[in-house]
>>> print(open('run-v1.txt').read())   # compact mmCIF, C-alpha atoms and all ligand atoms
# COMPACT_ATOMS: atom_id res chain seq x y z
CA MET A 1 15.33 -26.45 -19.79
CA ARG A 2 14.68 -29.35 -17.42
CA ARG A 3 14.49 -26.92 -14.53
CA GLU A 4 11.82 -24.78 -16.22
CA PHE A 5 9.87 -27.90 -17.09
CA VAL A 6 9.93 -29.22 -13.52
CA ARG A 7 8.76 -25.86 -12.21
CA TYR A 8 6.06 -25.73 -14.85
CA LEU A 9 4.79 -29.18 -13.86
CA ARG A 10 4.88 -28.41 -10.14
CA ARG A 11 3.09 -25.13 -10.48
CA ASN A 12 0.55 -26.04 -13.10
CA HIS A 13 -0.28 -29.62 -12.22
CA SER A 14 -3.95 -28.70 -11.86
CA LEU A 15 -4.22 -26.39 -14.84
CA ASN A 16 -5.35 -27.33 -18.29
CA GLU A 17 -4.04 -24.19 -19.95
CA PRO A 18 -0.26 -23.88 -20.07
CA LYS A 19 1.04 -20.66 -18.48
CA SER A 20 4.42 -19.14 -19.05
CA ASN A 21 5.47 -18.59 -15.43
CA ILE A 22 9.02 -17.46 -15.33
CA GLY A 23 9.04 -15.76 -11.94
CA TYR A 24 9.20 -17.25 -8.46
CA LEU A 25 6.54 -17.61 -5.84
CA PHE A 26 7.69 -17.73 -2.20
CA VAL A 27 5.07 -17.85 0.53
CA LEU A 28 5.45 -17.01 4.21
CA GLU A 29 3.02 -18.71 6.55
CA GLY A 30 2.68 -19.09 10.30
CA ILE A 31 0.40 -18.40 13.21
CA ASP A 32 -0.24 -14.84 14.22
CA GLY A 33 2.79 -13.46 16.04
CA SER A 34 5.14 -15.73 14.11
CA GLY A 35 6.94 -12.70 12.63
CA LYS A 36 6.14 -13.41 8.98
CA THR A 37 5.03 -9.89 8.11
CA CYS A 38 8.21 -8.28 9.50
CA ALA A 39 10.29 -11.00 7.84
CA CYS A 40 8.53 -10.37 4.53
CA GLU A 41 9.21 -6.63 4.78
CA GLN A 42 12.91 -7.13 5.49
CA LEU A 43 13.34 -9.78 2.81
CA THR A 44 11.76 -7.47 0.25
CA GLU A 45 14.23 -4.72 1.15
CA ILE A 46 17.25 -7.01 1.08
CA LEU A 47 16.34 -8.66 -2.22
CA ARG A 48 15.60 -5.29 -3.83
CA SER A 49 18.96 -3.97 -2.64
CA GLU A 50 20.46 -6.93 -4.50
CA ASN A 51 18.60 -5.82 -7.63
CA TYR A 52 15.98 -8.54 -7.67
CA ASP A 53 12.59 -7.48 -8.96
CA VAL A 54 10.38 -8.22 -5.96
CA VAL A 55 6.64 -7.85 -5.53
CA ARG A 56 5.43 -8.09 -1.96
CA LEU A 57 1.82 -9.19 -1.58
CA ARG A 58 -0.41 -10.28 1.26
CA GLU A 59 -3.70 -12.01 1.91
CA PRO A 60 -6.36 -11.14 2.69
CA THR A 61 -5.86 -8.32 0.20
CA HIS A 62 -6.64 -4.67 0.80
CA GLU A 63 -7.85 -4.22 -2.77
CA SER A 64 -10.62 -6.62 -3.72
CA GLN A 65 -14.15 -6.18 -2.44
CA TRP A 66 -13.86 -9.58 -0.71
CA GLY A 67 -10.57 -8.78 1.00
CA LYS A 68 -12.02 -5.48 2.21
CA GLU A 69 -15.10 -7.22 3.52
CA ILE A 70 -13.00 -9.72 5.49
CA ARG A 71 -10.84 -6.98 6.98
CA GLU A 72 -13.89 -4.93 7.96
CA ARG A 73 -16.16 -7.66 9.29
CA SER A 74 -14.03 -10.56 10.49
CA PRO A 75 -12.30 -8.94 13.50
CA GLY A 76 -15.65 -8.20 15.17
CA GLY A 77 -16.87 -11.75 14.59
CA GLU A 78 -19.60 -10.66 12.15
CA LEU A 79 -18.96 -13.43 9.62
CA THR A 80 -19.84 -17.09 9.85
CA ALA A 81 -17.02 -19.58 9.28
CA GLU A 82 -18.61 -20.54 5.94
CA GLU A 83 -18.78 -16.92 4.83
CA GLU A 84 -15.15 -16.43 5.76
CA LEU A 85 -13.96 -19.41 3.75
CA GLU A 86 -15.95 -18.19 0.76
CA LEU A 87 -14.57 -14.65 1.05
CA TYR A 88 -10.97 -15.80 1.45
CA THR A 89 -11.35 -18.01 -1.62
CA LYS A 90 -12.93 -15.26 -3.76
CA ASP A 91 -10.33 -12.75 -2.61
CA ARG A 92 -7.58 -15.21 -3.56
CA GLU A 93 -9.08 -15.88 -6.96
CA TRP A 94 -9.04 -12.12 -7.60
CA HIS A 95 -5.50 -11.86 -6.23
CA ILE A 96 -4.17 -14.63 -8.47
CA ALA A 97 -5.74 -13.19 -11.61
CA ASN A 98 -4.84 -9.55 -10.93
CA LYS A 99 -1.55 -9.60 -9.03
CA ILE A 100 0.14 -12.96 -8.55
CA GLN A 101 -0.10 -14.46 -12.03
CA PRO A 102 0.78 -11.21 -13.86
CA ALA A 103 3.87 -10.74 -11.65
CA LEU A 104 4.97 -14.32 -12.25
CA GLU A 105 4.47 -13.95 -15.97
CA GLU A 106 6.66 -10.83 -15.87
CA GLY A 107 9.43 -12.87 -14.23
CA LYS A 108 9.23 -11.21 -10.80
CA ILE A 109 9.91 -12.68 -7.40
CA VAL A 110 6.62 -12.72 -5.51
CA LEU A 111 6.88 -12.71 -1.72
CA LEU A 112 3.46 -13.58 -0.48
CA ASP A 113 2.42 -13.06 3.15
CA ARG A 114 -0.19 -15.85 3.59
CA TYR A 115 -1.82 -17.93 0.86
CA PHE A 116 -4.18 -20.89 0.62
CA PHE A 117 -2.25 -22.79 3.31
CA ALA A 118 -3.64 -20.20 5.76
CA SER A 119 -7.18 -21.12 4.72
CA GLY A 120 -6.33 -24.77 5.34
CA ALA A 121 -4.71 -24.08 8.70
CA TYR A 122 -7.28 -21.59 10.06
CA GLN A 123 -10.64 -22.38 8.47
CA SER A 124 -10.35 -26.13 9.12
CA THR A 125 -10.37 -25.37 12.86
CA VAL A 126 -13.92 -24.00 12.67
CA LEU A 127 -15.44 -25.90 9.75
CA ASP A 128 -16.17 -29.50 9.05
CA PHE A 129 -13.41 -29.65 6.46
CA HIS A 130 -9.97 -31.17 6.82
CA TRP A 131 -7.14 -28.80 5.85
CA ARG A 132 -6.41 -31.20 3.00
CA GLU A 133 -9.85 -30.57 1.45
CA ILE A 134 -9.41 -26.80 1.71
CA LEU A 135 -6.04 -27.00 -0.04
CA GLN A 136 -7.63 -29.16 -2.71
CA ILE A 137 -10.43 -26.62 -3.32
CA ASN A 138 -7.80 -23.93 -3.87
CA ARG A 139 -5.74 -26.08 -6.18
CA GLU A 140 -8.58 -27.48 -8.23
CA LYS A 141 -11.40 -24.94 -8.20
CA ILE A 142 -9.43 -21.71 -8.38
CA CYS A 143 -6.27 -23.21 -9.92
CA ALA A 144 -4.03 -21.51 -7.37
CA PRO A 145 -0.44 -21.60 -8.66
CA GLU A 146 1.81 -23.81 -6.57
CA PRO A 147 4.52 -21.90 -4.68
CA ASP A 148 8.18 -22.67 -5.24
CA ILE A 149 8.67 -22.77 -1.46
CA VAL A 150 6.34 -22.28 1.49
CA PHE A 151 8.21 -21.06 4.56
CA ILE A 152 6.42 -21.93 7.79
CA LEU A 153 7.62 -19.61 10.53
CA ASP A 154 7.10 -21.77 13.53
CA VAL A 155 6.56 -20.60 17.12
CA PRO A 156 4.62 -22.17 20.01
CA ALA A 157 1.06 -20.84 20.18
CA GLU A 158 1.66 -19.23 23.58
CA ILE A 159 4.52 -17.16 22.19
CA GLY A 160 2.61 -16.18 19.04
CA LEU A 161 -0.36 -15.09 21.13
CA GLU A 162 1.81 -13.10 23.52
CA ARG A 163 3.62 -11.32 20.68
CA ALA A 164 0.38 -10.57 18.80
CA THR A 165 -1.35 -9.29 21.92
CA ARG A 166 1.61 -7.06 22.76
CA ARG A 167 1.57 -5.66 19.22
CA THR A 168 -2.13 -4.86 18.95
CA GLY A 169 -2.88 -4.19 22.57
CA LYS A 170 -5.79 -6.65 22.46
CA ALA A 171 -6.38 -10.09 21.09
CA ASN A 172 -8.47 -10.48 17.93
CA LEU A 173 -11.69 -12.17 19.03
CA GLN A 174 -11.69 -14.56 16.13
CA PHE A 175 -8.20 -15.80 15.83
CA GLU A 176 -6.00 -15.23 18.75
CA LYS A 177 -7.48 -17.56 21.27
CA LEU A 178 -4.87 -19.94 22.44
CA ASP A 179 -6.61 -23.24 21.79
CA ARG A 180 -7.32 -22.23 18.22
CA LEU A 181 -3.74 -21.16 17.61
CA VAL A 182 -2.54 -24.50 18.99
CA LYS A 183 -4.65 -26.24 16.33
CA VAL A 184 -3.56 -23.84 13.58
CA ARG A 185 0.09 -24.51 14.37
CA GLN A 186 -0.59 -28.24 14.44
CA ASN A 187 -2.21 -27.99 10.99
CA TYR A 188 0.81 -26.21 9.53
CA LEU A 189 3.12 -28.87 10.97
CA GLU A 190 0.91 -31.62 9.54
CA MET A 191 1.01 -29.96 6.11
CA PHE A 192 4.80 -29.97 6.31
CA LYS A 193 4.67 -33.73 6.83
CA ASP A 194 1.80 -34.74 4.58
CA ASP A 195 1.25 -32.21 1.79
CA ASN A 196 3.15 -32.29 -1.49
CA ALA A 197 4.11 -28.61 -1.57
CA THR A 198 7.75 -27.72 -0.92
CA PHE A 199 7.97 -26.53 2.68
CA GLU A 200 10.74 -25.17 4.85
CA ILE A 201 10.16 -24.93 8.58
CA ILE A 202 11.89 -21.89 10.08
CA ASP A 203 12.38 -21.65 13.83
CA SER A 204 10.85 -18.27 14.54
CA MET A 205 11.87 -18.32 18.18
CA ASN A 206 15.21 -17.12 16.83
CA PRO A 207 15.78 -13.36 16.49
CA LEU A 208 14.17 -11.79 13.42
CA ASP A 209 17.51 -11.06 11.72
CA GLN A 210 18.43 -14.71 11.94
CA VAL A 211 15.04 -15.80 10.61
CA VAL A 212 15.37 -13.39 7.68
CA ASP A 213 18.92 -14.49 6.98
CA GLU A 214 17.90 -18.14 6.89
CA ILE A 215 15.02 -17.53 4.49
CA HIS A 216 17.15 -15.25 2.34
CA LYS A 217 19.85 -17.91 1.96
CA ILE A 218 17.29 -20.53 0.93
CA ILE A 219 15.67 -18.17 -1.60
CA ILE A 220 19.00 -17.19 -3.17
CA ARG A 221 20.12 -20.77 -3.34
CA PHE A 222 16.83 -21.74 -4.98
CA ILE A 223 16.95 -18.94 -7.51
CA GLU A 224 20.54 -19.64 -8.41
CA LYS A 225 20.12 -23.40 -8.42
CA PRO A 226 16.48 -24.56 -8.25
CA ASP A 227 17.30 -28.27 -8.54
CA SER A 228 19.54 -28.35 -5.50
CA GLU A 229 18.60 -30.15 -2.29
CA PRO A 230 17.07 -28.03 0.51
CA LEU A 231 19.60 -26.58 2.99
P1 LIG A 301 -2.45 -11.43 9.13
O1 LIG A 301 -2.20 -11.71 10.58
O2 LIG A 301 -1.39 -12.05 8.24
O3 LIG A 301 -2.71 -9.99 8.82
O4 LIG A 301 -3.78 -12.22 8.76
C1 LIG A 301 -4.99 -11.86 9.31
C2 LIG A 301 -5.81 -13.08 9.67
O5 LIG A 301 -6.32 -13.67 8.49
C3 LIG A 301 -5.02 -14.16 10.38
N1 LIG A 301 -5.49 -14.34 11.68
N2 LIG A 301 -5.04 -13.91 12.67
N3 LIG A 301 -4.83 -13.59 13.66
C4 LIG A 301 -5.33 -15.42 9.62
C5 LIG A 301 -6.47 -15.06 8.75
N4 LIG A 301 -6.57 -15.79 7.48
C6 LIG A 301 -7.39 -16.88 7.43
O6 LIG A 301 -8.00 -17.25 8.42
N5 LIG A 301 -7.51 -17.55 6.24
C7 LIG A 301 -6.85 -17.17 5.11
O7 LIG A 301 -7.00 -17.80 4.06
C8 LIG A 301 -5.99 -16.02 5.20
C9 LIG A 301 -5.27 -15.56 3.97
C10 LIG A 301 -5.88 -15.35 6.38
>>> encode(input="run-v1.txt", output="structure tokens", more="lines below")
Ligand code: ATM
Amino acid sequence: MRREFVRYLRRNHSLNEPKSNIGYLFVLEGIDGSGKTCACEQLTEILRSENYDVVRLREPTHESQWGKEIRERSPGGELTAEEELELYTKDREWHIANKIQPALEEGKIVLLDRYFFASGAYQSTVLDFHWREILQINREKICAPEPDIVFILDVPAEIGLERATRRTGKANLQFEKLDRLVKVRQNYLEMFKDDNATFEIIDSMNPLDQVVDEIHKIIIRFIEKPDSEPL
């Protein structure tokens, strides 16, 4: 009972309406090339093989009109930084209402590849907003549910850039410039120190299997015993 109440308070601290969230929300964040998408895929498979009911989601979405617009127009640099922040926020509002909240209310485990921490980390590098203000907009204006744990897959910017460039064959004009990635990584590490969400930093210089294993252990431990201390 206490455990449900604590989770309710953590997740709904900014909501007026009580919600009956009985699922779990785990978020994977990190700079591009940090391995979070592959880790998310593998974790989904492993948890499903253990009979957990997992929903794997990602942002920006492929479904909402705003997610589609970002995916179509952002890589070519067609959007202003203000437009991007607005689109990411609208896409997320749609995502919460249509995918995240329903899955949580059905008691599922949601593995989310990027969330509002990405807006804080990335958009604050090109706008006159601190990452803290961007997180606050998401929490207060669109009532984004608070994750149970945010895993930050951490790699140096040089490594992330090299991996991402190898994967796509060319760097994304908007995001993959080294100096920007250095700032994005710095923002994530500052959030870990200064924000009230529950974070786990994962050393993503380690092989993928090890990264996945580490996250998996933390998730299982949390699900089995949410009040326990972090590993
Ligand atoms: P993925 O690499 O996870 O597909 O994300 C695509 C880009 O979206 C990523 N940049 N790169 N490279 C980060 C960016 N992004 C934001 O800038 N703000 C956000 O709120 C989100 C969800 C993603």
>>> closest_residue(input="run-v1.txt", among="A:Trp94, A:Tyr115, A:Phe199, A:Tyr24", to="ligand LIG 301 (chain A)", atoms="all atoms listed in the file")
A:Tyr115
>>> residues_near_ligand(input="run-v1.txt", ligand="ligand LIG 301 (chain A)", cutoff="7 Å", atoms="all atoms listed in the file", output="list in words")
Asp32, Thr37, Glu59, Pro60, Tyr88, Asp113, Arg114, Tyr115, Phe116, Phe117, Ala118, Ser119, Tyr122, Gln123, Asn172, Phe175 and Glu176 of chain A
>>> closest_residue(input="run-v1.txt", among="A:Glu133, A:Glu45, A:Glu158, A:Glu69", to="Lys177 of chain A", atoms="only C-alpha atoms")
A:Glu158
>>> atom_distance(input="run-v1.txt", atom1="atom CA of Ile201 of chain A", atom2="atom CA of Glu86 of chain A")
28.1 Å
>>> closest_residue(input="run-v1.txt", among="A:Cys40, A:Leu153, A:Met191, A:Val211", to="Ile134 of chain A", atoms="only C-alpha atoms")
A:Met191
>>> residues_near_point(input="run-v1.txt", point="(-9.0, -13.2, -5.8)", cutoff="12 Å", atoms="only C-alpha atoms", output="PyMOL selection string")
chain A and resi 58-68+86-101+115-116+138+142-144
>>> write_last_selection(input="run-v1.txt", atoms="C-alpha atoms", output="short mmCIF file (atom, residue, chain, number, x, y, z; two decimals), in the coordinates of the input")
data_model
loop_
_atom_site.label_atom_id
_atom_site.label_comp_id
_atom_site.auth_asym_id
_atom_site.auth_seq_id
_atom_site.Cartn_x
_atom_site.Cartn_y
_atom_site.Cartn_z
CA ARG A 58 -0.41 -10.28 1.26
CA GLU A 59 -3.70 -12.01 1.91
CA PRO A 60 -6.36 -11.14 2.69
CA THR A 61 -5.86 -8.32 0.20
CA HIS A 62 -6.64 -4.67 0.80
CA GLU A 63 -7.85 -4.22 -2.77
CA SER A 64 -10.62 -6.62 -3.72
CA GLN A 65 -14.15 -6.18 -2.44
CA TRP A 66 -13.86 -9.58 -0.71
CA GLY A 67 -10.57 -8.78 1.00
CA LYS A 68 -12.02 -5.48 2.21
CA GLU A 86 -15.95 -18.19 0.76
CA LEU A 87 -14.57 -14.65 1.05
CA TYR A 88 -10.97 -15.80 1.45
CA THR A 89 -11.35 -18.01 -1.62
CA LYS A 90 -12.93 -15.26 -3.76
CA ASP A 91 -10.33 -12.75 -2.61
CA ARG A 92 -7.58 -15.21 -3.56
CA GLU A 93 -9.08 -15.88 -6.96
CA TRP A 94 -9.04 -12.12 -7.60
CA HIS A 95 -5.50 -11.86 -6.23
CA ILE A 96 -4.17 -14.63 -8.47
CA ALA A 97 -5.74 -13.19 -11.61
CA ASN A 98 -4.84 -9.55 -10.93
CA LYS A 99 -1.55 -9.60 -9.03
CA ILE A 100 0.14 -12.96 -8.55
CA GLN A 101 -0.10 -14.46 -12.03
CA TYR A 115 -1.82 -17.93 0.86
CA PHE A 116 -4.18 -20.89 0.62
CA ASN A 138 -7.80 -23.93 -3.87
CA ILE A 142 -9.43 -21.71 -8.38
CA CYS A 143 -6.27 -23.21 -9.92
CA ALA A 144 -4.03 -21.51 -7.37
#
>>> residues_around(input="run-v1.txt", residues="Gly33 of chain A", least_positions_apart="5", cutoff="9 Å", atoms="only C-alpha atoms", output="number ranges by chain")
A: 155, 157, 159-165, 167
>>> atom_distance(input="run-v1.txt", atom1="atom CA of Leu208 of chain A", atom2="atom CA of Leu28 of chain A")
13.7 Å
>>> residues_around(input="run-v1.txt", residues="Ala81 of chain A", least_positions_apart="4", cutoff="8 Å", atoms="all atoms listed in the file", output="list in words")
Leu85, Gln123, Val126 and Leu127 of chain A
>>> atom_distance(input="run-v1.txt", atom1="atom CA of Leu43 of chain A", atom2="atom CA of Asp194 of chain A")
27.6 Å
>>> residues_around(input="run-v1.txt", residues="Asp53 of chain A", least_positions_apart="2", cutoff="7 Å", atoms="all atoms listed in the file", output="list in words")
Arg48, Asn51, Val55, Lys108 and Ile109 of chain A
>>> build_atoms(input="run-v1.txt", residues="segment 177-198 of chain A", atoms="N, CA and C atoms", output="PDB file, in the frame of the given file")
ATOM      1  N   LYS A 177      -7.273 -16.759  20.074  1.00  0.00           N
ATOM      2  CA  LYS A 177      -7.480 -17.560  21.270  1.00  0.00           C
ATOM      3  C   LYS A 177      -6.519 -18.723  21.231  1.00  0.00           C
ATOM      4  N   LEU A 178      -5.970 -18.983  22.375  1.00  0.00           N
ATOM      5  CA  LEU A 178      -4.870 -19.940  22.440  1.00  0.00           C
ATOM      6  C   LEU A 178      -5.207 -21.325  21.875  1.00  0.00           C
ATOM      7  N   ASP A 179      -6.346 -21.864  22.238  1.00  0.00           N
ATOM      8  CA  ASP A 179      -6.610 -23.240  21.790  1.00  0.00           C
ATOM      9  C   ASP A 179      -6.722 -23.314  20.268  1.00  0.00           C
ATOM     10  N   ARG A 180      -7.218 -22.225  19.680  1.00  0.00           N
ATOM     11  CA  ARG A 180      -7.320 -22.230  18.220  1.00  0.00           C
ATOM     12  C   ARG A 180      -5.921 -22.150  17.592  1.00  0.00           C
ATOM     13  N   LEU A 181      -5.101 -21.293  18.163  1.00  0.00           N
ATOM     14  CA  LEU A 181      -3.740 -21.160  17.610  1.00  0.00           C
ATOM     15  C   LEU A 181      -2.952 -22.462  17.748  1.00  0.00           C
ATOM     16  N   VAL A 182      -3.216 -23.197  18.822  1.00  0.00           N
ATOM     17  CA  VAL A 182      -2.540 -24.500  18.990  1.00  0.00           C
ATOM     18  C   VAL A 182      -2.915 -25.397  17.812  1.00  0.00           C
ATOM     19  N   LYS A 183      -4.191 -25.388  17.451  1.00  0.00           N
ATOM     20  CA  LYS A 183      -4.650 -26.240  16.330  1.00  0.00           C
ATOM     21  C   LYS A 183      -4.106 -25.739  14.998  1.00  0.00           C
ATOM     22  N   VAL A 184      -4.069 -24.412  14.844  1.00  0.00           N
ATOM     23  CA  VAL A 184      -3.560 -23.840  13.580  1.00  0.00           C
ATOM     24  C   VAL A 184      -2.101 -24.259  13.397  1.00  0.00           C
ATOM     25  N   ARG A 185      -1.328 -24.129  14.468  1.00  0.00           N
ATOM     26  CA  ARG A 185       0.090 -24.510  14.370  1.00  0.00           C
ATOM     27  C   ARG A 185       0.217 -25.997  14.019  1.00  0.00           C
ATOM     28  N   GLN A 186      -0.596 -26.797  14.694  1.00  0.00           N
ATOM     29  CA  GLN A 186      -0.590 -28.240  14.440  1.00  0.00           C
ATOM     30  C   GLN A 186      -0.898 -28.522  12.957  1.00  0.00           C
ATOM     31  N   ASN A 187      -1.856 -27.794  12.411  1.00  0.00           N
ATOM     32  CA  ASN A 187      -2.210 -27.990  10.990  1.00  0.00           C
ATOM     33  C   ASN A 187      -1.031 -27.667  10.083  1.00  0.00           C
ATOM     34  N   TYR A 188      -0.355 -26.556  10.359  1.00  0.00           N
ATOM     35  CA  TYR A 188       0.810 -26.210   9.530  1.00  0.00           C
ATOM     36  C   TYR A 188       1.865 -27.331   9.610  1.00  0.00           C
ATOM     37  N   LEU A 189       2.077 -27.837  10.820  1.00  0.00           N
ATOM     38  CA  LEU A 189       3.120 -28.870  10.970  1.00  0.00           C
ATOM     39  C   LEU A 189       2.693 -30.175  10.272  1.00  0.00           C
ATOM     40  N   GLU A 190       1.394 -30.438  10.283  1.00  0.00           N
ATOM     41  CA  GLU A 190       0.910 -31.620   9.540  1.00  0.00           C
ATOM     42  C   GLU A 190       1.093 -31.446   8.041  1.00  0.00           C
ATOM     43  N   MET A 191       0.827 -30.227   7.553  1.00  0.00           N
ATOM     44  CA  MET A 191       1.010 -29.960   6.110  1.00  0.00           C
ATOM     45  C   MET A 191       2.455 -30.234   5.723  1.00  0.00           C
ATOM     46  N   PHE A 192       3.364 -29.767   6.564  1.00  0.00           N
ATOM     47  CA  PHE A 192       4.800 -29.970   6.310  1.00  0.00           C
ATOM     48  C   PHE A 192       5.082 -31.464   6.116  1.00  0.00           C
ATOM     49  N   LYS A 193       4.407 -32.285   6.925  1.00  0.00           N
ATOM     50  CA  LYS A 193       4.670 -33.730   6.830  1.00  0.00           C
ATOM     51  C   LYS A 193       3.918 -34.380   5.673  1.00  0.00           C
ATOM     52  N   ASP A 194       2.683 -33.944   5.450  1.00  0.00           N
ATOM     53  CA  ASP A 194       1.800 -34.740   4.580  1.00  0.00           C
ATOM     54  C   ASP A 194       1.445 -34.121   3.237  1.00  0.00           C
ATOM     55  N   ASP A 195       1.650 -32.822   3.057  1.00  0.00           N
ATOM     56  CA  ASP A 195       1.250 -32.210   1.790  1.00  0.00           C
ATOM     57  C   ASP A 195       2.433 -32.224   0.817  1.00  0.00           C
ATOM     58  N   ASN A 196       2.095 -32.177  -0.471  1.00  0.00           N
ATOM     59  CA  ASN A 196       3.150 -32.290  -1.490  1.00  0.00           C
ATOM     60  C   ASN A 196       3.856 -30.989  -1.853  1.00  0.00           C
ATOM     61  N   ALA A 197       3.407 -29.874  -1.275  1.00  0.00           N
ATOM     62  CA  ALA A 197       4.110 -28.610  -1.570  1.00  0.00           C
ATOM     63  C   ALA A 197       5.525 -28.694  -1.008  1.00  0.00           C
ATOM     64  N   THR A 198       6.389 -27.771  -1.462  1.00  0.00           N
ATOM     65  CA  THR A 198       7.750 -27.720  -0.920  1.00  0.00           C
ATOM     66  C   THR A 198       7.755 -26.777   0.273  1.00  0.00           C
TER      67      THR A 198
END
